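Asks: I'd like to ask some things about the structure below.
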Amino acid sequence: MEKSVLIAGAGLGGLATALRLSGKGYKVHIVEKNSQPGGRVNQIKKDGFTFDTGPSFFSMSYEFKQFAAECNIELPFSYYSLDPLYTVNFRGNPKTYFLYKDIKKLAEQFIEKEPDFEQKMHRYLDRFLRFHAPNN
């Protein structure tokens, strides 16, 4: 009997999952609430203007590389590393925060508000990685 799967949502995650499963022999059905696929990687057109609704960068390039390898496709673009990844401003606060990959550099910005930020972040990442290890 052929294995069948139903995927809710035709965003990047749903489409990538569908391609991976179909490559493994599953019969895949996708349901999407919107009139077109893409999820958050889409556009809104209004009054002659076009607005992108998707992310401005992909923070997990390894996922795309693995996906392309598993589906035997060549990505039509190249990645380059950003550091800082992006900046954040909060209303009523003139300070700009830079989201660096380097945890020590990131922690320096929060030293006054969160003196043990670096230790907490390492502890969180250790737990996260332990929980999400491939054999869990």
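Following the order of the structure tokens, first chain is A, next is B, and so on, with residues numbered from 1 inside each chain and ligands from 1 in the order they appear.
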Would you mind listing what lies within 10 Å of Ile7 of chain A as JSON, numbers by chain, with only C-alpha atoms counted and same-chain residues fewer than 6 positions away left out?

Replies: {"A": [13, 14, 15, 17, 18, 28, 29, 30, 31, 32]}

Asks: Please save C-alpha atoms of the selected residues as a short mmCIF file (atom, residue, chain, number, x, y, z; two decimals), in the first residue's frame.

Replies:
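Wrote result.cif, looks like this:
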```cif
data_model
loop_
_atom_site.label_atom_id
_atom_site.label_comp_id
_atom_site.auth_asym_id
_atom_site.auth_seq_id
_atom_site.Cartn_x
_atom_site.Cartn_y
_atom_site.Cartn_z
CA GLY A 13 8.45 24.50 5.16
CA GLY A 14 5.43 22.73 3.69
CA LEU A 15 6.79 22.77 0.15
CA THR A 17 8.67 18.78 3.30
CA ALA A 18 6.48 17.77 0.35
CA VAL A 28 1.77 13.99 -0.93
CA HIS A 29 -1.31 16.21 -0.63
CA ILE A 30 -0.94 19.87 0.34
CA VAL A 31 -3.76 22.09 1.59
CA GLU A 32 -3.27 25.86 1.65
#
```

Asks: Need the shell around Lys95 of chain A: protein/DNA/RNA residues with any atom at most 12 Å away, counting only C-alpha atoms. Skip same-chain ones fewer than 6 positions apart. Format as a list in words?

Replies: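 What passes the distance filter is Thr87, Val88, Asn89, Gln109 and Phe110 of chain A.
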
Asks: Going by DSSP on the backbone, which residues of segment 5-107 of chain A come out as helix (DSSP H, G or I)? List them as a PyMOL selection string.

Replies: chain A and resi 12-23+61-70+103-107

Asks: List the neighbours of Glu63 of chain A out to 12 Å using only C-alpha atoms; skip same-chain residues closer than 2 positions along the sequence, and give me the result as number ranges by chain.

Replies: A: 12-13, 16-17, 58-61, 65-70, 75, 79

Asks: Would you pick out the contacts of segment 122-132 of chain A at 12 Å or less, using only C-alpha atoms, so that residues sharing its chain but fewer than 5 positions from it are not included, and give the list as a short mmCIF file (atom, residue, chain, number, x, y, z; two decimals) with C-alpha atoms, in the first residue's frame?

Replies:
```cif
data_model
loop_
_atom_site.label_atom_id
_atom_site.label_comp_id
_atom_site.auth_asym_id
_atom_site.auth_seq_id
_atom_site.Cartn_x
_atom_site.Cartn_y
_atom_site.Cartn_z
CA ASP A 102 29.55 36.14 18.38
CA ILE A 103 27.83 35.68 21.75
CA LYS A 104 30.52 37.62 23.64
CA LEU A 106 26.30 40.28 21.57
CA ALA A 107 26.43 40.10 25.38
CA ASP A 116 25.16 37.35 32.98
CA PHE A 117 23.67 37.29 29.48
#
```

Asks: Per DSSP on the backbone, filter chain A down to the residues in strand (DSSP E) and report them as a VMD selection string.

Replies: chain A and resid 4 to 8 27 to 31 43 to 46 49 to 52 86 to 89 96 to 99

Asks: Would you save the residues of that selection, restricted to C-alpha atoms, as a tab-separated table (two decimals), in the first residue's frame?

Replies:
```
chain	number	residue	atom	x	y	z
A	4	SER	CA	0.23	9.01	1.88
A	5	VAL	CA	0.71	12.25	3.81
A	6	LEU	CA	-1.28	15.47	4.14
A	7	ILE	CA	0.68	18.70	4.61
A	8	ALA	CA	-1.07	21.77	5.98
A	27	LYS	CA	1.96	10.38	-2.12
A	28	VAL	CA	1.77	13.99	-0.93
A	29	HIS	CA	-1.31	16.21	-0.63
A	30	ILE	CA	-0.94	19.87	0.34
A	31	VAL	CA	-3.76	22.09	1.59
A	43	GLN	CA	3.65	39.90	-1.61
A	44	ILE	CA	0.76	42.20	-0.90
A	45	LYS	CA	-0.25	44.52	-3.74
A	46	LYS	CA	-2.35	47.53	-2.85
A	49	PHE	CA	2.41	49.44	-4.24
A	50	THR	CA	4.00	46.05	-3.72
A	51	PHE	CA	5.10	44.95	-0.25
A	52	ASP	CA	7.23	41.88	0.45
A	86	TYR	CA	20.43	42.63	11.71
A	87	THR	CA	19.74	45.58	14.02
A	88	VAL	CA	16.89	46.21	16.43
A	89	ASN	CA	15.48	49.45	17.78
A	96	THR	CA	20.45	50.44	18.40
A	97	TYR	CA	21.15	46.79	19.21
A	98	PHE	CA	23.23	44.73	16.81
A	99	LEU	CA	22.49	41.01	16.60
```

Asks: Here is a test: counting only C-alpha atoms, which residue of A:Glu114, A:Leu19, A:Asn34, A:Gly25 is nearest to Asn72 of chain A?

Replies: A:Leu19

Asks: Quote the spacing between atom CA of Asn42 of chain A and atom CA of Arg20 of chain A in Å to one decimal place.

Replies: 22.0 Å

Asks: Please indicate the distance in Å from atom CA of Gly39 of chain A to atom CA of Thr53 of chain A, rounded to one decimal place.

Replies: 8.8 Å

Asks: For atom CA of Gly38 of chain A and atom CA of Gly54 of chain A, quote the distance in Å rounded to one decimal.

Replies: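 Here the two named atoms are 9.0 Å from each other.
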
Asks: Could you give me, as a list in words, the residues within 9 Å of Lys33 of chain A, counting only C-alpha atoms and dropping anything in the same chain fewer than 3 positions from it?

Replies: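 With the cut-off at 9 Å, the set is Ala8, Gly9, Ala10 and Gln36 of chain A.
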
Asks: Could you write out the selected residues, including C-alpha atoms, as an mmCIF file, in the first residue's frame?

Replies:
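Written file, again_8.cif:
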```cif
data_model
loop_
_atom_site.group_PDB
_atom_site.id
_atom_site.type_symbol
_atom_site.label_atom_id
_atom_site.label_comp_id
_atom_site.auth_asym_id
_atom_site.auth_seq_id
_atom_site.Cartn_x
_atom_site.Cartn_y
_atom_site.Cartn_z
ATOM 1 C CA ALA A 8 -1.074 21.770 5.976
ATOM 2 C CA GLY A 9 0.404 24.876 4.401
ATOM 3 C CA ALA A 10 2.285 25.599 1.197
ATOM 4 C CA GLN A 36 -1.246 31.038 -3.699
#
```
